[in-house]
Amino acid sequence: MMREHKFVVDDAVVEDFSCGTKRQREELLRIFSTLAASPYQRGDWQQRTMTGRELQVKRFGRWLCGTGWMNQSWK
């Protein structure tokens with residue numbers, strides 16, 4: 001079954017993921033799954049990108065995750 005929403009991460013997250021412990025990797029995967037399952041969650045605060053797009057920033061324990069929406073053309 002394919003999910004309607006996907007998550008993407010930048011190089012810093014990939015590096016943290018690959019260097020992290022098994023527990024940290026599992027924790028990040030749970031966070032990613034939570035966000036992919038419910039991508040329109042309100043963040044704990046908002047932040048604008050350099051291009052002016054608004055991101056929802058949500059804290060998950062020690063992790064901060066910024067969520068936003070891609071253009072349809074990115075699919």
# chains A, B, ... in the order shown; residues from 1 in each chain; ligands from 1
>>> residues_around(residues="Gln41 of chain A", least_positions_apart="6", cutoff="12 Å", atoms="only C-alpha atoms", output="CSV table (one decimal) with C-alpha atoms, in the first residue's frame")
chain,number,residue,atom,x,y,z
A,34,THR,CA,3.7,10.0,12.4
A,35,LEU,CA,4.3,13.0,10.2
A,55,LEU,CA,7.0,25.7,8.0
A,56,GLN,CA,5.3,24.2,11.0
A,57,VAL,CA,8.0,23.3,13.5
A,58,LYS,CA,7.2,20.5,15.9
A,59,ARG,CA,9.2,19.2,18.8
A,65,CYS,CA,11.0,18.7,12.7
A,66,GLY,CA,9.9,21.3,10.2
A,67,THR,CA,7.0,20.3,8.0
A,68,GLY,CA,5.8,22.0,4.9
A,69,TRP,CA,4.0,21.2,1.7
>>> atom_distance(atom1="atom CA of Asp44 of chain A", atom2="atom CA of Val14 of chain A")
23.4 Å
>>> residues_around(residues="Trp63 of chain A", least_positions_apart="6", cutoff="12 Å", atoms="only C-alpha atoms", output="list of chain:residue names")
A:Val13, A:Asp16, A:Phe17, A:Gln24, A:Arg25, A:Glu27, A:Leu28, A:Leu29, A:Arg30, A:Ile31, A:Phe32, A:Val57
>>> write_last_selection(atoms="N, CA and C atoms", output="PDB file, in the first residue's frame")
ATOM      1  N   VAL A  13      20.169  15.375   8.368  1.00  0.00           N
ATOM      2  CA  VAL A  13      19.333  14.349   9.003  1.00  0.00           C
ATOM      3  C   VAL A  13      19.814  12.960   8.594  1.00  0.00           C
ATOM      4  N   ASP A  16      22.866  12.233  10.691  1.00  0.00           N
ATOM      5  CA  ASP A  16      22.475  11.899  12.066  1.00  0.00           C
ATOM      6  C   ASP A  16      21.885  10.500  12.126  1.00  0.00           C
ATOM      7  N   PHE A  17      21.052  10.189  11.148  1.00  0.00           N
ATOM      8  CA  PHE A  17      20.402   8.877  11.114  1.00  0.00           C
ATOM      9  C   PHE A  17      21.442   7.770  10.969  1.00  0.00           C
ATOM     10  N   GLN A  24      17.991   5.542  18.388  1.00  0.00           N
ATOM     11  CA  GLN A  24      17.768   6.850  17.766  1.00  0.00           C
ATOM     12  C   GLN A  24      17.164   6.698  16.365  1.00  0.00           C
ATOM     13  N   ARG A  25      17.656   5.723  15.604  1.00  0.00           N
ATOM     14  CA  ARG A  25      17.103   5.493  14.260  1.00  0.00           C
ATOM     15  C   ARG A  25      15.642   5.077  14.341  1.00  0.00           C
ATOM     16  N   GLU A  27      13.570   5.813  16.734  1.00  0.00           N
ATOM     17  CA  GLU A  27      12.819   6.989  17.174  1.00  0.00           C
ATOM     18  C   GLU A  27      12.533   7.919  15.984  1.00  0.00           C
ATOM     19  N   LEU A  28      13.544   8.166  15.150  1.00  0.00           N
ATOM     20  CA  LEU A  28      13.344   9.008  13.971  1.00  0.00           C
ATOM     21  C   LEU A  28      12.346   8.384  13.006  1.00  0.00           C
ATOM     22  N   LEU A  29      12.421   7.085  12.804  1.00  0.00           N
ATOM     23  CA  LEU A  29      11.463   6.426  11.905  1.00  0.00           C
ATOM     24  C   LEU A  29      10.037   6.553  12.426  1.00  0.00           C
ATOM     25  N   ARG A  30       9.854   6.461  13.740  1.00  0.00           N
ATOM     26  CA  ARG A  30       8.519   6.660  14.330  1.00  0.00           C
ATOM     27  C   ARG A  30       8.024   8.088  14.082  1.00  0.00           C
ATOM     28  N   ILE A  31       8.919   9.051  14.258  1.00  0.00           N
ATOM     29  CA  ILE A  31       8.556  10.451  14.014  1.00  0.00           C
ATOM     30  C   ILE A  31       8.168  10.637  12.551  1.00  0.00           C
ATOM     31  N   PHE A  32       8.974  10.125  11.635  1.00  0.00           N
ATOM     32  CA  PHE A  32       8.690  10.267  10.203  1.00  0.00           C
ATOM     33  C   PHE A  32       7.348   9.620   9.855  1.00  0.00           C
ATOM     34  N   VAL A  57       6.937  23.917  12.804  1.00  0.00           N
ATOM     35  CA  VAL A  57       8.040  23.290  13.530  1.00  0.00           C
ATOM     36  C   VAL A  57       7.459  22.605  14.753  1.00  0.00           C
TER      37      VAL A  57
END
>>> atom_distance(atom1="atom CA of Trp45 of chain A", atom2="atom CA of Ser18 of chain A")
27.8 Å
>>> select_by_dssp(residues="chain A", states="alpha helix (DSSP H)", output="ChimeraX atom specification")
/A:11-19,22-37
>>> select_by_dssp(residues="segment 2-74 of chain A", states="strand (DSSP E)", output="ChimeraX atom specification")
/A:45-48,54-60,63-67
>>> decode(residues="segment 36-70 of chain A", atoms="N, CA and C atoms", output="PDB file, in the first residue's frame")
ATOM      1  N   ALA A  36       4.164  11.505   8.306  1.00  0.00           N
ATOM      2  CA  ALA A  36       3.632  11.069   7.009  1.00  0.00           C
ATOM      3  C   ALA A  36       2.166  10.672   7.123  1.00  0.00           C
ATOM      4  N   ALA A  37       1.790  10.078   8.256  1.00  0.00           N
ATOM      5  CA  ALA A  37       0.399   9.649   8.454  1.00  0.00           C
ATOM      6  C   ALA A  37      -0.534  10.833   8.696  1.00  0.00           C
ATOM      7  N   SER A  38       0.006  11.899   9.255  1.00  0.00           N
ATOM      8  CA  SER A  38      -0.819  13.065   9.573  1.00  0.00           C
ATOM      9  C   SER A  38      -0.010  14.343   9.298  1.00  0.00           C
ATOM     10  N   PRO A  39       0.182  14.678   8.029  1.00  0.00           N
ATOM     11  CA  PRO A  39       1.102  15.762   7.676  1.00  0.00           C
ATOM     12  C   PRO A  39       0.593  17.168   7.968  1.00  0.00           C
ATOM     13  N   TYR A  40      -0.686  17.323   8.254  1.00  0.00           N
ATOM     14  CA  TYR A  40      -1.229  18.669   8.461  1.00  0.00           C
ATOM     15  C   TYR A  40      -1.307  19.046   9.937  1.00  0.00           C
ATOM     16  N   GLN A  41      -0.499  18.388  10.766  1.00  0.00           N
ATOM     17  CA  GLN A  41      -0.463  18.723  12.188  1.00  0.00           C
ATOM     18  C   GLN A  41       0.042  20.147  12.369  1.00  0.00           C
ATOM     19  N   ARG A  42      -0.538  20.825  13.305  1.00  0.00           N
ATOM     20  CA  ARG A  42      -0.065  22.160  13.663  1.00  0.00           C
ATOM     21  C   ARG A  42       1.238  22.008  14.447  1.00  0.00           C
ATOM     22  N   GLY A  43       2.204  22.839  14.156  1.00  0.00           N
ATOM     23  CA  GLY A  43       3.475  22.792  14.862  1.00  0.00           C
ATOM     24  C   GLY A  43       3.391  23.488  16.205  1.00  0.00           C
ATOM     25  N   ASP A  44       4.464  23.402  16.945  1.00  0.00           N
ATOM     26  CA  ASP A  44       4.562  24.125  18.204  1.00  0.00           C
ATOM     27  C   ASP A  44       4.839  25.610  17.941  1.00  0.00           C
ATOM     28  N   TRP A  45       5.420  25.914  16.783  1.00  0.00           N
ATOM     29  CA  TRP A  45       5.581  27.284  16.309  1.00  0.00           C
ATOM     30  C   TRP A  45       5.805  27.241  14.800  1.00  0.00           C
ATOM     31  N   GLN A  46       5.810  28.428  14.174  1.00  0.00           N
ATOM     32  CA  GLN A  46       6.000  28.527  12.733  1.00  0.00           C
ATOM     33  C   GLN A  46       7.313  29.247  12.445  1.00  0.00           C
ATOM     34  N   GLN A  47       7.879  28.901  11.286  1.00  0.00           N
ATOM     35  CA  GLN A  47       9.114  29.538  10.844  1.00  0.00           C
ATOM     36  C   GLN A  47       9.042  29.685   9.334  1.00  0.00           C
ATOM     37  N   ARG A  48       9.570  30.759   8.797  1.00  0.00           N
ATOM     38  CA  ARG A  48       9.575  30.976   7.348  1.00  0.00           C
ATOM     39  C   ARG A  48      10.914  30.541   6.762  1.00  0.00           C
ATOM     40  N   THR A  49      10.846  29.949   5.563  1.00  0.00           N
ATOM     41  CA  THR A  49      12.059  29.583   4.846  1.00  0.00           C
ATOM     42  C   THR A  49      12.630  30.828   4.177  1.00  0.00           C
ATOM     43  N   MET A  50      13.791  30.693   3.555  1.00  0.00           N
ATOM     44  CA  MET A  50      14.393  31.829   2.851  1.00  0.00           C
ATOM     45  C   MET A  50      13.526  32.284   1.674  1.00  0.00           C
ATOM     46  N   THR A  51      12.688  31.391   1.156  1.00  0.00           N
ATOM     47  CA  THR A  51      11.815  31.753   0.037  1.00  0.00           C
ATOM     48  C   THR A  51      10.455  32.242   0.515  1.00  0.00           C
ATOM     49  N   GLY A  52      10.265  32.318   1.833  1.00  0.00           N
ATOM     50  CA  GLY A  52       9.022  32.854   2.375  1.00  0.00           C
ATOM     51  C   GLY A  52       7.946  31.829   2.680  1.00  0.00           C
ATOM     52  N   ARG A  53       8.212  30.552   2.422  1.00  0.00           N
ATOM     53  CA  ARG A  53       7.227  29.518   2.753  1.00  0.00           C
ATOM     54  C   ARG A  53       7.182  29.314   4.256  1.00  0.00           C
ATOM     55  N   GLU A  54       5.979  29.090   4.763  1.00  0.00           N
ATOM     56  CA  GLU A  54       5.824  28.856   6.195  1.00  0.00           C
ATOM     57  C   GLU A  54       5.981  27.375   6.502  1.00  0.00           C
ATOM     58  N   LEU A  55       6.810  27.071   7.476  1.00  0.00           N
ATOM     59  CA  LEU A  55       6.979  25.699   7.959  1.00  0.00           C
ATOM     60  C   LEU A  55       6.376  25.603   9.352  1.00  0.00           C
ATOM     61  N   GLN A  56       5.788  24.483   9.639  1.00  0.00           N
ATOM     62  CA  GLN A  56       5.343  24.166  10.989  1.00  0.00           C
ATOM     63  C   GLN A  56       6.507  23.444  11.665  1.00  0.00           C
ATOM     64  N   VAL A  57       6.937  23.917  12.804  1.00  0.00           N
ATOM     65  CA  VAL A  57       8.040  23.290  13.530  1.00  0.00           C
ATOM     66  C   VAL A  57       7.459  22.605  14.753  1.00  0.00           C
ATOM     67  N   LYS A  58       7.729  21.322  14.861  1.00  0.00           N
ATOM     68  CA  LYS A  58       7.157  20.513  15.932  1.00  0.00           C
ATOM     69  C   LYS A  58       8.288  19.833  16.691  1.00  0.00           C
ATOM     70  N   ARG A  59       8.188  19.832  18.014  1.00  0.00           N
ATOM     71  CA  ARG A  59       9.187  19.158  18.846  1.00  0.00           C
ATOM     72  C   ARG A  59       8.719  17.745  19.164  1.00  0.00           C
ATOM     73  N   PHE A  60       9.614  16.803  18.949  1.00  0.00           N
ATOM     74  CA  PHE A  60       9.411  15.406  19.333  1.00  0.00           C
ATOM     75  C   PHE A  60      10.572  15.047  20.246  1.00  0.00           C
ATOM     76  N   GLY A  61      10.394  15.249  21.547  1.00  0.00           N
ATOM     77  CA  GLY A  61      11.489  14.978  22.477  1.00  0.00           C
ATOM     78  C   GLY A  61      12.673  15.874  22.173  1.00  0.00           C
ATOM     79  N   ARG A  62      13.803  15.271  21.848  1.00  0.00           N
ATOM     80  CA  ARG A  62      15.001  16.066  21.549  1.00  0.00           C
ATOM     81  C   ARG A  62      15.086  16.492  20.094  1.00  0.00           C
ATOM     82  N   TRP A  63      14.142  16.037  19.280  1.00  0.00           N
ATOM     83  CA  TRP A  63      14.164  16.328  17.853  1.00  0.00           C
ATOM     84  C   TRP A  63      13.195  17.450  17.500  1.00  0.00           C
ATOM     85  N   LEU A  64      13.621  18.335  16.609  1.00  0.00           N
ATOM     86  CA  LEU A  64      12.755  19.356  16.027  1.00  0.00           C
ATOM     87  C   LEU A  64      12.538  18.994  14.568  1.00  0.00           C
ATOM     88  N   CYS A  65      11.304  19.015  14.137  1.00  0.00           N
ATOM     89  CA  CYS A  65      10.980  18.685  12.750  1.00  0.00           C
ATOM     90  C   CYS A  65      10.187  19.821  12.139  1.00  0.00           C
ATOM     91  N   GLY A  66      10.636  20.275  10.983  1.00  0.00           N
ATOM     92  CA  GLY A  66       9.903  21.286  10.238  1.00  0.00           C
ATOM     93  C   GLY A  66       9.104  20.604   9.148  1.00  0.00           C
ATOM     94  N   THR A  67       7.838  20.934   9.056  1.00  0.00           N
ATOM     95  CA  THR A  67       7.001  20.327   8.023  1.00  0.00           C
ATOM     96  C   THR A  67       6.434  21.410   7.134  1.00  0.00           C
ATOM     97  N   GLY A  68       6.331  21.077   5.868  1.00  0.00           N
ATOM     98  CA  GLY A  68       5.766  21.986   4.888  1.00  0.00           C
ATOM     99  C   GLY A  68       5.169  21.173   3.763  1.00  0.00           C
ATOM    100  N   TRP A  69       4.655  21.840   2.782  1.00  0.00           N
ATOM    101  CA  TRP A  69       3.996  21.154   1.674  1.00  0.00           C
ATOM    102  C   TRP A  69       4.721  21.458   0.387  1.00  0.00           C
ATOM    103  N   MET A  70       4.937  20.427  -0.401  1.00  0.00           N
ATOM    104  CA  MET A  70       5.594  20.586  -1.688  1.00  0.00           C
ATOM    105  C   MET A  70       4.573  20.988  -2.746  1.00  0.00           C
TER     106      MET A  70
END
